[in-house]
file upload05.txt (compact mmCIF, C-alpha atoms)
# COMPACT_ATOMS: atom_id res chain seq x y z
CA MET A 291 0.00 0.00 0.00
CA ALA A 292 1.37 3.43 -0.90
CA ASP A 293 2.68 5.19 2.18
CA LYS A 294 1.61 8.54 0.87
CA ILE A 295 -1.24 8.95 -1.59
CA GLU A 296 -0.20 11.15 -4.52
CA SER A 297 -2.30 9.80 -7.38
CA ILE A 298 -5.97 8.79 -7.44
CA ALA A 299 -7.73 6.72 -10.11
CA ILE A 300 -11.43 7.53 -10.43
CA LEU A 301 -13.21 4.73 -12.28
CA GLY A 302 -16.48 6.12 -13.54
CA GLY A 303 -14.94 9.58 -13.49
CA THR A 304 -17.28 10.58 -16.29
CA GLY A 305 -20.22 10.77 -13.87
CA ASP A 306 -21.31 13.76 -11.80
CA LEU A 307 -19.89 12.58 -8.49
CA GLY A 308 -16.70 11.19 -10.04
CA GLY A 309 -16.17 14.47 -11.87
CA GLY A 310 -16.78 16.48 -8.72
CA LEU A 311 -14.30 14.40 -6.73
CA ALA A 312 -11.75 14.70 -9.56
CA ARG A 313 -12.00 18.47 -9.50
CA GLN A 314 -11.77 18.81 -5.72
CA TRP A 315 -8.92 16.34 -5.28
CA SER A 316 -6.98 17.82 -8.17
CA ARG A 317 -7.26 21.27 -6.61
CA ALA A 318 -6.04 19.74 -3.35
CA GLY A 319 -2.85 18.71 -5.15
CA TYR A 320 -3.47 15.09 -6.11
CA ARG A 321 -2.78 13.73 -9.58
CA ILE A 322 -6.07 12.39 -10.98
CA LEU A 323 -6.45 9.56 -13.47
CA ILE A 324 -9.97 9.40 -14.86
CA GLY A 325 -10.85 5.84 -15.84
CA SER A 326 -13.57 4.77 -18.22
CA ARG A 327 -14.53 1.67 -20.15
CA THR A 328 -12.70 3.02 -23.18
CA LEU A 329 -9.62 5.21 -23.48
CA GLU A 330 -11.60 7.62 -25.67
CA LYS A 331 -14.30 8.19 -23.04
CA GLY A 332 -11.69 8.61 -20.31
CA LYS A 333 -9.80 11.18 -22.40
CA ALA A 334 -13.03 13.00 -23.23
CA ALA A 335 -13.95 13.22 -19.53
CA ALA A 336 -10.50 14.57 -18.68
CA ALA A 337 -10.67 17.07 -21.53
CA SER A 338 -14.09 18.23 -20.37
CA LEU A 339 -12.77 18.91 -16.86
CA LEU A 340 -9.69 20.67 -18.26
CA ALA A 341 -11.82 22.87 -20.50
CA GLU A 342 -13.60 24.14 -17.41
CA PHE A 343 -10.54 24.24 -15.14
CA PRO A 344 -7.33 24.37 -17.22
CA ASP A 345 -5.06 24.18 -14.15
CA LEU A 346 -6.18 20.69 -13.05
CA ASN A 347 -3.78 17.73 -13.03
CA VAL A 348 -6.10 15.28 -14.77
CA THR A 349 -5.51 12.65 -17.44
CA GLY A 350 -7.90 10.20 -19.15
CA HIS A 351 -7.41 6.42 -19.26
CA GLU A 352 -9.01 3.05 -19.74
CA ASN A 353 -10.09 1.70 -16.31
CA LEU A 354 -7.36 -0.95 -15.90
CA ASP A 355 -4.60 1.44 -16.92
CA ALA A 356 -5.85 4.09 -14.46
CA ALA A 357 -6.03 1.54 -11.62
CA GLU A 358 -2.53 0.25 -12.35
CA GLN A 359 -0.92 3.67 -12.32
CA ALA A 360 -2.62 5.14 -9.23
CA ASP A 361 -1.81 4.85 -5.53
CA ILE A 362 -5.49 4.47 -4.65
CA VAL A 363 -8.58 3.61 -6.69
CA VAL A 364 -12.09 5.05 -6.39
CA LEU A 365 -15.10 3.26 -7.89
CA THR A 366 -17.96 5.60 -8.83
CA VAL A 367 -19.71 3.58 -11.56
CA PRO A 368 -23.44 2.79 -11.44
CA PHE A 369 -24.41 -0.27 -9.37
CA ALA A 370 -25.18 -2.27 -12.52
CA HIS A 371 -21.52 -1.95 -13.62
CA GLN A 372 -19.85 -2.38 -10.22
CA ILE A 373 -18.93 -6.06 -10.42
CA SER A 374 -17.96 -6.07 -14.11
CA THR A 375 -15.70 -3.05 -13.58
CA LEU A 376 -14.04 -4.68 -10.55
CA GLU A 377 -13.41 -7.85 -12.56
CA THR A 378 -11.64 -5.73 -15.18
CA VAL A 379 -9.32 -4.01 -12.69
CA LYS A 380 -8.93 -6.69 -10.02
CA SER A 381 -5.32 -7.52 -10.98
CA ALA A 382 -4.32 -3.87 -10.47
CA LEU A 383 -5.72 -3.58 -6.94
CA THR A 384 -3.31 -5.85 -5.06
CA GLY A 385 -1.95 -3.99 -2.06
CA LYS A 386 -4.16 -0.97 -2.73
CA ILE A 387 -7.21 0.58 -1.15
CA LEU A 388 -10.39 0.57 -3.21
CA ILE A 389 -12.79 3.32 -2.19
CA ASP A 390 -16.20 1.94 -3.14
CA VAL A 391 -18.77 4.68 -3.70
CA THR A 392 -21.36 2.29 -5.14
CA VAL A 393 -24.95 2.72 -4.03
CA PRO A 394 -27.09 -0.34 -4.80
CA LEU A 395 -30.10 1.52 -6.20
CA VAL A 396 -32.49 -0.73 -8.12
CA PRO A 397 -34.70 1.21 -10.58
CA PRO A 398 -37.47 2.06 -10.76
CA LYS A 399 -37.87 2.15 -6.95
CA VAL A 400 -34.63 3.96 -6.12
CA GLY A 401 -36.26 5.41 -2.99
CA THR A 402 -36.72 1.91 -1.54
CA VAL A 403 -33.80 0.16 0.18
CA GLN A 404 -32.96 -2.97 -1.83
CA LEU A 405 -29.52 -4.07 -0.67
CA PRO A 406 -27.82 -7.01 -2.39
CA PRO A 407 -27.86 -10.46 -0.75
CA GLY A 408 -25.02 -10.76 1.72
CA GLY A 409 -25.30 -7.24 3.02
CA SER A 410 -24.00 -4.38 0.88
CA ALA A 411 -22.40 -3.56 -2.45
CA ALA A 412 -19.12 -2.82 -0.66
CA MET A 413 -19.13 -6.25 1.01
CA ALA A 414 -19.75 -7.82 -2.41
CA ALA A 415 -16.72 -5.90 -3.72
CA GLN A 416 -14.51 -7.17 -0.89
CA ALA A 417 -15.73 -10.72 -1.46
CA LEU A 418 -14.81 -10.46 -5.14
CA LEU A 419 -11.37 -8.93 -4.47
CA GLY A 420 -10.41 -11.18 -1.55
CA ASP A 421 -7.70 -10.18 0.88
CA ALA A 422 -5.41 -8.65 -1.72
CA ALA A 423 -7.18 -5.28 -1.65
CA GLN A 424 -8.74 -3.25 1.15
CA VAL A 425 -12.26 -2.08 0.35
CA VAL A 426 -13.35 1.10 2.12
CA SER A 427 -16.90 2.37 1.65
CA ALA A 428 -17.48 6.13 1.48
CA PHE A 429 -19.33 9.04 -0.18
CA GLN A 430 -22.67 7.21 -0.67
CA ASN A 431 -24.70 10.05 0.83
CA VAL A 432 -23.01 12.95 -0.92
CA GLY A 433 -24.95 14.40 -3.82
CA ALA A 434 -22.77 15.69 -6.65
CA GLN A 435 -24.01 19.20 -5.91
CA HIS A 436 -22.24 19.07 -2.53
CA LEU A 437 -18.95 19.19 -4.40
CA ARG A 438 -19.84 22.33 -6.34
CA GLU A 439 -18.57 25.51 -4.75
CA ASP A 440 -21.73 27.43 -5.59
CA HIS A 441 -23.92 24.90 -3.81
CA LYS A 442 -22.12 23.97 -0.62
CA ILE A 443 -24.33 22.02 1.79
CA ALA A 444 -23.24 20.30 4.95
CA CYS A 445 -22.93 16.57 4.36
CA ASP A 446 -20.80 14.18 6.35
CA VAL A 447 -19.19 11.04 4.99
CA LEU A 448 -19.43 7.67 6.75
CA VAL A 449 -16.24 5.69 6.15
CA SER A 450 -16.52 1.92 6.68
CA GLY A 451 -13.75 -0.64 6.30
CA ASP A 452 -12.17 -3.48 8.18
CA LYS A 453 -8.77 -1.81 8.67
CA ARG A 454 -8.52 1.38 10.66
CA THR A 455 -5.38 2.58 8.83
CA ALA A 456 -7.21 2.25 5.50
CA ARG A 457 -10.13 4.26 6.91
CA ASP A 458 -7.66 6.91 8.13
CA THR A 459 -6.28 7.25 4.60
CA VAL A 460 -9.79 7.65 3.17
CA ILE A 461 -10.84 10.14 5.84
CA GLU A 462 -7.86 12.26 4.82
CA LEU A 463 -9.16 12.23 1.24
CA VAL A 464 -12.68 13.07 2.44
CA GLU A 465 -11.31 16.09 4.26
CA ALA A 466 -9.36 17.09 1.14
CA VAL A 467 -12.68 17.68 -0.64
CA GLY A 468 -13.94 19.81 2.22
CA LEU A 469 -16.23 17.27 3.88
CA ARG A 470 -16.21 15.73 7.35
CA GLY A 471 -15.32 12.02 7.46
CA TRP A 472 -16.22 9.64 10.29
CA HIS A 473 -14.94 6.20 11.25
CA ALA A 474 -18.18 4.27 10.75
CA GLY A 475 -16.72 0.88 11.73
CA PRO A 476 -16.12 -2.37 9.86
CA LEU A 477 -17.13 -2.88 6.24
CA ALA A 478 -20.36 -4.57 7.43
CA ASN A 479 -21.45 -1.08 8.51
CA SER A 480 -21.50 0.08 4.89
CA VAL A 481 -25.10 -1.18 5.01
CA ALA A 482 -26.06 2.01 6.86
CA ALA A 483 -24.67 4.45 4.29
CA GLU A 484 -25.85 2.44 1.29
CA ALA A 485 -29.37 2.17 2.72
CA MET A 486 -29.40 5.84 3.73
CA THR A 487 -29.15 6.98 0.11
CA SER A 488 -32.63 5.60 -0.66
CA VAL A 489 -33.90 7.35 2.47
CA LEU A 490 -32.40 10.65 1.29
CA ILE A 491 -33.95 10.18 -2.17
CA THR A 492 -37.32 9.67 -0.43
CA ILE A 493 -36.81 12.74 1.75
CA ASN A 494 -35.95 14.84 -1.31
CA ARG A 495 -39.21 13.76 -2.92
CA LEU A 496 -41.65 13.83 0.00
CA HIS A 497 -40.25 16.88 1.81
CA LYS A 498 -39.31 18.75 -1.39
CA ILE A 499 -35.68 19.09 -0.35
CA ASP A 500 -32.89 19.76 -2.80
CA GLY A 501 -30.02 17.33 -2.26
CA SER A 502 -30.60 16.23 1.32
CA GLY A 503 -27.65 14.88 3.25
CA ILE A 504 -26.76 13.78 6.76
CA VAL A 505 -24.63 15.37 9.43
CA ILE A 506 -23.42 13.62 12.57
CA THR A 507 -24.17 15.53 15.77
CA GLY A 508 -22.94 15.16 19.32
CA GLU A 509 -20.57 16.66 21.83
CA PRO A 510 -17.00 15.60 22.60
CA VAL A 511 -16.78 13.47 25.72
CA LYS A 512 -15.69 15.62 28.63
CA ALA A 513 -12.25 14.64 29.91
CA MET B 287 -57.31 3.20 13.78
CA ALA B 288 -57.94 5.99 16.28
CA ASP B 289 -58.66 9.23 14.45
CA LYS B 290 -56.97 11.23 17.13
CA ILE B 291 -54.26 9.82 19.34
CA GLU B 292 -54.94 10.54 23.01
CA SER B 293 -53.33 7.59 24.79
CA ILE B 294 -49.98 5.92 24.16
CA ALA B 295 -48.86 2.51 25.46
CA ILE B 296 -45.10 2.27 25.91
CA LEU B 297 -44.06 -1.38 26.14
CA GLY B 298 -40.65 -1.49 27.73
CA GLY B 299 -41.40 1.82 29.37
CA THR B 300 -39.07 0.86 32.19
CA GLY B 301 -36.02 1.54 29.99
CA ASP B 302 -34.19 4.84 29.51
CA LEU B 303 -35.65 5.68 26.11
CA GLY B 304 -39.15 4.45 26.99
CA GLY B 305 -39.07 6.51 30.18
CA GLY B 306 -37.85 9.59 28.32
CA LEU B 307 -40.62 9.27 25.73
CA ALA B 308 -43.19 8.75 28.49
CA ARG B 309 -42.13 11.96 30.22
CA GLN B 310 -42.08 14.08 27.05
CA TRP B 311 -45.38 12.76 25.67
CA SER B 312 -47.08 13.09 29.01
CA ARG B 313 -45.99 16.71 29.24
CA ALA B 314 -47.34 17.22 25.71
CA GLY B 315 -50.78 16.15 26.99
CA TYR B 316 -51.00 12.48 26.09
CA ARG B 317 -52.14 9.82 28.55
CA ILE B 318 -49.30 7.32 28.98
CA LEU B 319 -49.66 3.64 29.82
CA ILE B 320 -46.34 2.11 30.78
CA GLY B 321 -46.31 -1.58 29.94
CA SER B 322 -44.02 -4.21 31.37
CA ARG B 323 -43.86 -8.00 31.58
CA THR B 324 -45.52 -7.86 34.98
CA LEU B 325 -48.06 -5.46 36.44
CA GLU B 326 -45.73 -4.84 39.40
CA LYS B 327 -42.85 -3.70 37.18
CA GLY B 328 -45.16 -1.51 35.12
CA LYS B 329 -46.55 0.12 38.25
CA ALA B 330 -43.06 0.60 39.67
CA ALA B 331 -41.92 2.34 36.47
CA ALA B 332 -44.96 4.63 36.54
CA ALA B 333 -44.39 5.40 40.23
CA SER B 334 -40.76 6.21 39.57
CA LEU B 335 -41.72 8.72 36.86
CA LEU B 336 -44.42 10.22 39.08
CA ALA B 337 -42.00 10.60 41.98
CA GLU B 338 -39.83 12.78 39.76
CA PHE B 339 -42.68 14.59 37.98
CA PRO B 340 -45.90 14.39 40.03
CA ASP B 341 -47.98 16.14 37.36
CA LEU B 342 -47.57 13.46 34.69
CA ASN B 343 -50.53 11.43 33.41
CA VAL B 344 -48.88 8.02 33.66
CA THR B 345 -50.14 4.62 34.80
CA GLY B 346 -48.45 1.22 35.03
CA HIS B 347 -49.73 -1.97 33.41
CA GLU B 348 -48.91 -5.42 32.18
CA ASN B 349 -47.96 -5.20 28.45
CA LEU B 350 -51.17 -6.69 27.00
CA ASP B 351 -53.41 -4.51 29.16
CA ALA B 352 -51.49 -1.37 28.18
CA ALA B 353 -51.70 -2.27 24.46
CA GLU B 354 -55.45 -2.97 24.69
CA GLN B 355 -56.27 0.34 26.34
CA ALA B 356 -54.13 2.66 24.24
CA ASP B 357 -54.78 4.32 20.87
CA ILE B 358 -51.23 3.64 19.70
CA VAL B 359 -48.52 1.26 20.93
CA VAL B 360 -44.76 1.89 21.16
CA LEU B 361 -42.30 -0.99 21.48
CA THR B 362 -39.06 -0.04 23.24
CA VAL B 363 -37.94 -3.42 24.60
CA PRO B 364 -34.45 -4.84 23.93
CA PHE B 365 -34.06 -6.72 20.63
CA ALA B 366 -33.90 -10.07 22.43
CA HIS B 367 -37.45 -9.51 23.74
CA GLN B 368 -38.99 -7.93 20.62
CA ILE B 369 -40.69 -10.99 19.12
CA SER B 370 -41.85 -12.52 22.43
CA THR B 371 -43.37 -9.18 23.50
CA LEU B 372 -45.17 -8.81 20.17
CA GLU B 373 -46.59 -12.32 20.48
CA THR B 374 -47.98 -11.36 23.88
CA VAL B 375 -49.74 -8.23 22.62
CA LYS B 376 -50.57 -9.18 19.02
CA SER B 377 -54.29 -9.57 19.67
CA ALA B 378 -54.48 -5.99 20.97
CA LEU B 379 -52.83 -4.39 17.93
CA THR B 380 -55.59 -4.93 15.34
CA GLY B 381 -56.36 -1.63 13.66
CA LYS B 382 -53.58 0.15 15.52
CA ILE B 383 -50.19 1.58 14.68
CA LEU B 384 -47.21 -0.10 16.33
CA ILE B 385 -44.21 2.23 16.60
CA ASP B 386 -41.25 -0.14 16.61
CA VAL B 387 -38.18 1.40 18.24
CA THR B 388 -36.25 -1.89 18.24
CA VAL B 389 -32.59 -1.77 17.28
CA PRO B 390 -31.21 -5.21 16.40
CA LEU B 391 -27.96 -4.92 18.34
CA VAL B 392 -26.22 -8.26 18.84
CA PRO B 393 -23.80 -8.25 21.81
CA PRO B 394 -20.91 -8.18 22.21
CA LYS B 395 -20.28 -6.41 18.86
CA VAL B 396 -23.00 -3.77 19.15
CA GLY B 397 -20.92 -1.42 16.99
CA THR B 398 -21.16 -3.83 14.05
CA VAL B 399 -24.28 -3.89 11.88
CA GLN B 400 -25.90 -7.34 12.22
CA LEU B 401 -29.41 -7.00 10.85
CA PRO B 402 -31.80 -9.96 11.09
CA PRO B 403 -32.41 -12.15 8.04
CA GLY B 404 -35.12 -10.64 5.88
CA GLY B 405 -34.00 -7.07 6.36
CA SER B 406 -34.78 -5.36 9.64
CA ALA B 407 -36.35 -5.87 13.05
CA ALA B 408 -39.28 -3.68 12.00
CA MET B 409 -39.92 -5.85 8.94
CA ALA B 410 -39.85 -8.91 11.18
CA ALA B 411 -42.45 -7.25 13.40
CA GLN B 412 -44.73 -6.52 10.44
CA ALA B 413 -44.34 -10.11 9.21
CA LEU B 414 -45.39 -11.39 12.63
CA LEU B 415 -48.36 -9.03 12.95
CA GLY B 416 -49.63 -9.38 9.37
CA ASP B 417 -51.92 -6.78 7.84
CA ALA B 418 -53.99 -6.21 10.97
CA ALA B 419 -51.52 -3.68 12.41
CA GLN B 420 -49.41 -0.97 10.79
CA VAL B 421 -45.76 -1.10 11.86
CA VAL B 422 -43.92 2.22 11.72
CA SER B 423 -40.22 2.33 12.54
CA ALA B 424 -38.86 5.36 14.42
CA PHE B 425 -36.51 6.67 17.15
CA GLN B 426 -33.65 4.15 16.54
CA ASN B 427 -30.98 6.85 16.44
CA VAL B 428 -32.12 8.87 19.45
CA GLY B 429 -30.08 8.35 22.59
CA ALA B 430 -32.09 8.60 25.80
CA GLN B 431 -30.10 11.70 26.75
CA HIS B 432 -31.66 13.56 23.81
CA LEU B 433 -34.95 13.45 25.69
CA ARG B 434 -33.54 15.06 28.82
CA GLU B 435 -34.02 18.79 28.97
CA ASP B 436 -30.57 19.35 30.46
CA HIS B 437 -28.87 17.56 27.59
CA LYS B 438 -30.63 18.64 24.42
CA ILE B 439 -28.76 17.63 21.27
CA ALA B 440 -29.99 17.88 17.72
CA CYS B 441 -31.15 14.47 16.52
CA ASP B 442 -33.60 13.82 13.73
CA VAL B 443 -35.93 10.84 13.55
CA LEU B 444 -36.32 8.72 10.40
CA VAL B 445 -39.90 7.43 10.16
CA SER B 446 -40.42 4.39 7.91
CA GLY B 447 -43.68 2.61 7.21
CA ASP B 448 -45.74 1.40 4.29
CA LYS B 449 -48.67 3.80 4.82
CA ARG B 450 -48.10 7.52 4.58
CA THR B 451 -51.01 8.35 6.91
CA ALA B 452 -49.47 6.12 9.61
CA ARG B 453 -46.12 7.87 9.16
CA ASP B 454 -47.90 11.23 9.46
CA THR B 455 -49.36 10.17 12.80
CA VAL B 456 -45.94 9.10 14.07
CA ILE B 457 -44.22 12.26 12.82
CA GLU B 458 -46.73 14.24 14.87
CA LEU B 459 -45.66 12.25 17.95
CA VAL B 460 -41.99 12.78 17.09
CA GLU B 461 -42.56 16.51 16.99
CA ALA B 462 -44.43 16.32 20.32
CA VAL B 463 -41.17 15.27 21.99
CA GLY B 464 -39.32 18.17 20.38
CA LEU B 465 -37.54 16.29 17.60
CA ARG B 466 -37.70 16.60 13.82
CA GLY B 467 -39.36 13.67 12.03
CA TRP B 468 -38.85 12.76 8.38
CA HIS B 469 -40.79 10.53 5.98
CA ALA B 470 -38.06 7.94 5.34
CA GLY B 471 -40.16 5.82 2.97
CA PRO B 472 -41.56 2.29 3.12
CA LEU B 473 -40.87 -0.06 6.02
CA ALA B 474 -38.03 -1.64 4.01
CA ASN B 475 -36.15 1.61 4.62
CA SER B 476 -36.05 0.90 8.36
CA VAL B 477 -32.81 -0.91 7.47
CA ALA B 478 -31.10 2.48 7.28
CA ALA B 479 -32.06 3.69 10.77
CA GLU B 480 -31.50 0.29 12.40
CA ALA B 481 -28.05 -0.03 10.83
CA MET B 482 -27.18 3.57 11.65
CA THR B 483 -27.37 2.92 15.39
CA SER B 484 -24.32 0.62 15.24
CA VAL B 485 -22.52 3.30 13.22
CA LEU B 486 -23.34 5.91 15.89
CA ILE B 487 -22.11 3.55 18.64
CA THR B 488 -18.85 3.20 16.69
CA ILE B 489 -18.57 6.97 16.23
CA ASN B 490 -19.12 7.51 19.97
CA ARG B 491 -16.25 5.12 20.71
CA LEU B 492 -13.71 6.04 18.03
CA HIS B 493 -14.33 9.80 17.95
CA LYS B 494 -15.02 10.11 21.69
CA ILE B 495 -18.44 11.66 21.13
CA ASP B 496 -21.15 11.67 23.76
CA GLY B 497 -24.45 10.48 22.28
CA SER B 498 -23.91 11.10 18.58
CA GLY B 499 -26.97 11.46 16.40
CA ILE B 500 -27.88 12.37 12.84
CA VAL B 501 -29.45 15.44 11.35
CA ILE B 502 -30.85 15.68 7.83
CA THR B 503 -29.54 18.65 5.87
CA GLY B 504 -30.64 20.27 2.64
CA GLU B 505 -32.49 23.23 1.26
CA PRO B 506 -36.15 23.46 0.29
CA VAL B 507 -36.65 23.13 -3.45
CA LYS B 508 -37.14 26.60 -4.95
CA ALA B 509 -40.62 27.06 -6.33
call {"tool": "encode", "arguments": {"input": "upload05.txt", "output": "structure tokens"}}
result
Amino acid sequence: MADKIESIAILGGTGDLGGGLARQWSRAGYRILIGSRTLEKGKAAAASLLAEFPDLNVTGHENLDAAEQADIVVLTVPFAHQISTLETVKSALTGKILIDVTVPLVPPKVGTVQLPPGGSAAMAAQALLGDAAQVVSAFQNVGAQHLREDHKIACDVLVSGDKRTARDTVIELVEAVGLRGWHAGPLANSVAAEAMTSVLITINRLHKIDGSGIVITGEPVKA
Amino acid sequence: MADKIESIAILGGTGDLGGGLARQWSRAGYRILIGSRTLEKGKAAAASLLAEFPDLNVTGHENLDAAEQADIVVLTVPFAHQISTLETVKSALTGKILIDVTVPLVPPKVGTVQLPPGGSAAMAAQALLGDAAQVVSAFQNVGAQHLREDHKIACDVLVSGDKRTARDTVIELVEAVGLRGWHAGPLANSVAAEAMTSVLITINRLHKIDGSGIVITGEPVKA
């Protein structure tokens, strides 16, 4: 595992959330490798970001190439492509952290919790990858608009994973995009964040809220 | 179903959260029936509340008696007693709303999400009760200290249930104890709140927070 994270592969970096993370992390000084199913789409996504923000350190790649070159890999593809994308890049993940952003939404009822058998999408990812890679679940509850500077809303990030050091690394990356990250416990606890996204979709609809999120409250324990 | 809720049975009203709800709802003008496994324990719990707050409208009962007399029934017993308590009171729940507060914590790893097969404790309750009663899930993420006036912390309540009118009734009761209630969607979405409790327990431990909770953020959609 890289001692210090300098480069980040974002698989599915052509989406709204992937693009938002790419922009924020690049501004924070990380080298970003946008991955897509084809080199052309990856390059187009990178070019689109560079057209808007010419100073970003962003390049476009095919998913496997991006995963091989980066210190850490972030998966932001739709649920339907999660497993197939992981199978493509599995060989490149040995010794690395995979940040799984997958939310197992099942259309048309995306406002109803429908987690995969066995627990969560992140647990399915870890099962597929085995012990060679550390899966850490994060960012499920962050709408893409939370990463736009003109639409900043408080939203915390629950970070689940079986190794505390891996969660520490991810929390550092969460803070690099200006959000608050929390140790949410072992990977089994990714169920909470994955399920919460359907709840937030329901709240948006029934309470007419724009991009609802969650914030953790509480007071520090008195010494 | 009672058109207007005037009386509330709290099964497990001898616990911290049940006692806190009893106090707040009683102050809000509801008649409270504390239920316990024995009449003696129910009466003792009611007496204990009355000793502290003599003006409360609280009586003690055996669980089935409390459920029969009340307009709405709240289940706040430990997970291990959820199903056996429901079997005891099932006959009294026809046409009523059951507010299920159960959190399926499995000692010793209460900080690890371990939901029951089939989804959630609330879904198990609905399966046991059938269509005769409406199960609504609420209050899983509220620590008992949130109901004490000297320790008020922001904590929202996710309200899941298959009928919107039943959720409306419960949200009214949530607001009566001074908390914000949200339509969290169908009962399947109770997975999110039940799982979140283990996450909050983990956050309390690893971030040294006293009684962490969640708050929903977001802005009203512009007309």
call {"tool": "interface_residues", "arguments": {"input": "upload05.txt", "of": "chain A", "to": "chain B", "cutoff": "10 Å", "atoms": "all atoms listed in the file", "output": "ChimeraX atom specification"}}
result
/A:401-405,407-409,436,442-446,448-450,472-513
call {"tool": "atom_distance", "arguments": {"input": "upload05.txt", "atom1": "atom CA of B:Met409", "atom2": "atom CA of B:Val456"}}
result
16.9 Å
call {"tool": "atom_distance", "arguments": {"input": "upload05.txt", "atom1": "atom CA of A:Gly471", "atom2": "atom CA of A:Val364"}}
result
15.8 Å
call {"tool": "residues_around", "arguments": {"input": "upload05.txt", "residues": "B:Arg313", "least_positions_apart": "3", "cutoff": "10 Å", "atoms": "all atoms listed in the file", "output": "ChimeraX atom specification"}}
result
/B:307-310,316-318,339,341-343,462-463
call {"tool": "write_last_selection", "arguments": {"input": "upload05.txt", "atoms": "C-alpha atoms", "output": "mmCIF file, in the coordinates of the input"}}
result
data_model
loop_
_atom_site.group_PDB
_atom_site.id
_atom_site.type_symbol
_atom_site.label_atom_id
_atom_site.label_comp_id
_atom_site.auth_asym_id
_atom_site.auth_seq_id
_atom_site.Cartn_x
_atom_site.Cartn_y
_atom_site.Cartn_z
ATOM 1 C CA LEU B 307 -40.620 9.270 25.730
ATOM 2 C CA ALA B 308 -43.190 8.750 28.490
ATOM 3 C CA ARG B 309 -42.130 11.960 30.220
ATOM 4 C CA GLN B 310 -42.080 14.080 27.050
ATOM 5 C CA TYR B 316 -51.000 12.480 26.090
ATOM 6 C CA ARG B 317 -52.140 9.820 28.550
ATOM 7 C CA ILE B 318 -49.300 7.320 28.980
ATOM 8 C CA PHE B 339 -42.680 14.590 37.980
ATOM 9 C CA ASP B 341 -47.980 16.140 37.360
ATOM 10 C CA LEU B 342 -47.570 13.460 34.690
ATOM 11 C CA ASN B 343 -50.530 11.430 33.410
ATOM 12 C CA ALA B 462 -44.430 16.320 20.320
ATOM 13 C CA VAL B 463 -41.170 15.270 21.990
#
call {"tool": "residues_near_point", "arguments": {"input": "upload05.txt", "point": "(-48.3, -2.7, 38.6)", "cutoff": "12 Å", "atoms": "all atoms listed in the file", "output": "list in words"}}
result
Thr300, Leu319, Ile320, Gly321, Ser322, Arg323, Thr324, Leu325, Glu326, Lys327, Gly328, Lys329, Ala330, Ala331, Ala332, Ala333, Ser334, Val344, Thr345, Gly346, His347, Glu348, Asn349, Asp351 and Ala352 of chain B
call {"tool": "atom_distance", "arguments": {"input": "upload05.txt", "atom1": "atom CA of B:Glu354", "atom2": "atom CA of B:Arg466"}}
result
28.6 Å
call {"tool": "closest_residue", "arguments": {"input": "upload05.txt", "among": "A:Ala370, A:Asp306, A:Thr455, A:Leu388", "to": "A:Pro406", "atoms": "all atoms listed in the file"}}
result
A:Ala370
call {"tool": "axis_aligned_box", "arguments": {"input": "upload05.txt", "around": "stretch 331-348 of chain B", "padding_each_side": "6 Å", "output": "JSON"}}
result
{"center_x": -45.2, "center_y": 5.4, "center_z": 37.1, "size_x": 22.7, "size_y": 33.6, "size_z": 21.8}
call {"tool": "closest_residue", "arguments": {"input": "upload05.txt", "among": "A:Thr392, A:Gln416, A:Pro397, A:Ala341", "to": "A:Glu377", "atoms": "only C-alpha atoms"}}
result
A:Gln416
call {"tool": "closest_residue", "arguments": {"input": "upload05.txt", "among": "B:Gly306, B:Ala410, B:Val396, B:Val422", "to": "B:Leu372", "atoms": "all atoms listed in the file"}}
result
B:Ala410
call {"tool": "build_atoms", "arguments": {"input": "upload05.txt", "residues": "stretch 385-393 of chain B", "atoms": "N, CA and C atoms", "output": "mmCIF file, in the frame of the given file"}}
result
data_model
loop_
_atom_site.group_PDB
_atom_site.id
_atom_site.type_symbol
_atom_site.label_atom_id
_atom_site.label_comp_id
_atom_site.auth_asym_id
_atom_site.auth_seq_id
_atom_site.Cartn_x
_atom_site.Cartn_y
_atom_site.Cartn_z
ATOM 1 N N ILE B 385 -45.490 1.540 16.845
ATOM 2 C CA ILE B 385 -44.210 2.230 16.600
ATOM 3 C C ILE B 385 -43.115 1.329 17.125
ATOM 4 N N ASP B 386 -42.313 0.782 16.206
ATOM 5 C CA ASP B 386 -41.250 -0.140 16.610
ATOM 6 C C ASP B 386 -39.947 0.634 16.732
ATOM 7 N N VAL B 387 -39.408 0.668 17.939
ATOM 8 C CA VAL B 387 -38.180 1.400 18.240
ATOM 9 C C VAL B 387 -36.997 0.422 18.321
ATOM 10 N N THR B 388 -37.271 -0.851 18.078
ATOM 11 C CA THR B 388 -36.250 -1.890 18.240
ATOM 12 C C THR B 388 -35.012 -1.616 17.398
ATOM 13 N N VAL B 389 -33.851 -1.789 18.014
ATOM 14 C CA VAL B 389 -32.590 -1.770 17.280
ATOM 15 C C VAL B 389 -31.960 -3.149 17.433
ATOM 16 N N PRO B 390 -31.710 -3.843 16.310
ATOM 17 C CA PRO B 390 -31.210 -5.210 16.400
ATOM 18 C C PRO B 390 -29.713 -5.265 16.703
ATOM 19 N N LEU B 391 -29.359 -4.818 17.901
ATOM 20 C CA LEU B 391 -27.960 -4.920 18.340
ATOM 21 C C LEU B 391 -27.701 -6.335 18.832
ATOM 22 N N VAL B 392 -26.572 -6.912 18.421
ATOM 23 C CA VAL B 392 -26.220 -8.260 18.840
ATOM 24 C C VAL B 392 -24.914 -8.207 19.642
ATOM 25 N N PRO B 393 -25.003 -8.267 20.987
ATOM 26 C CA PRO B 393 -23.800 -8.250 21.810
ATOM 27 C C PRO B 393 -22.917 -9.448 21.492
#
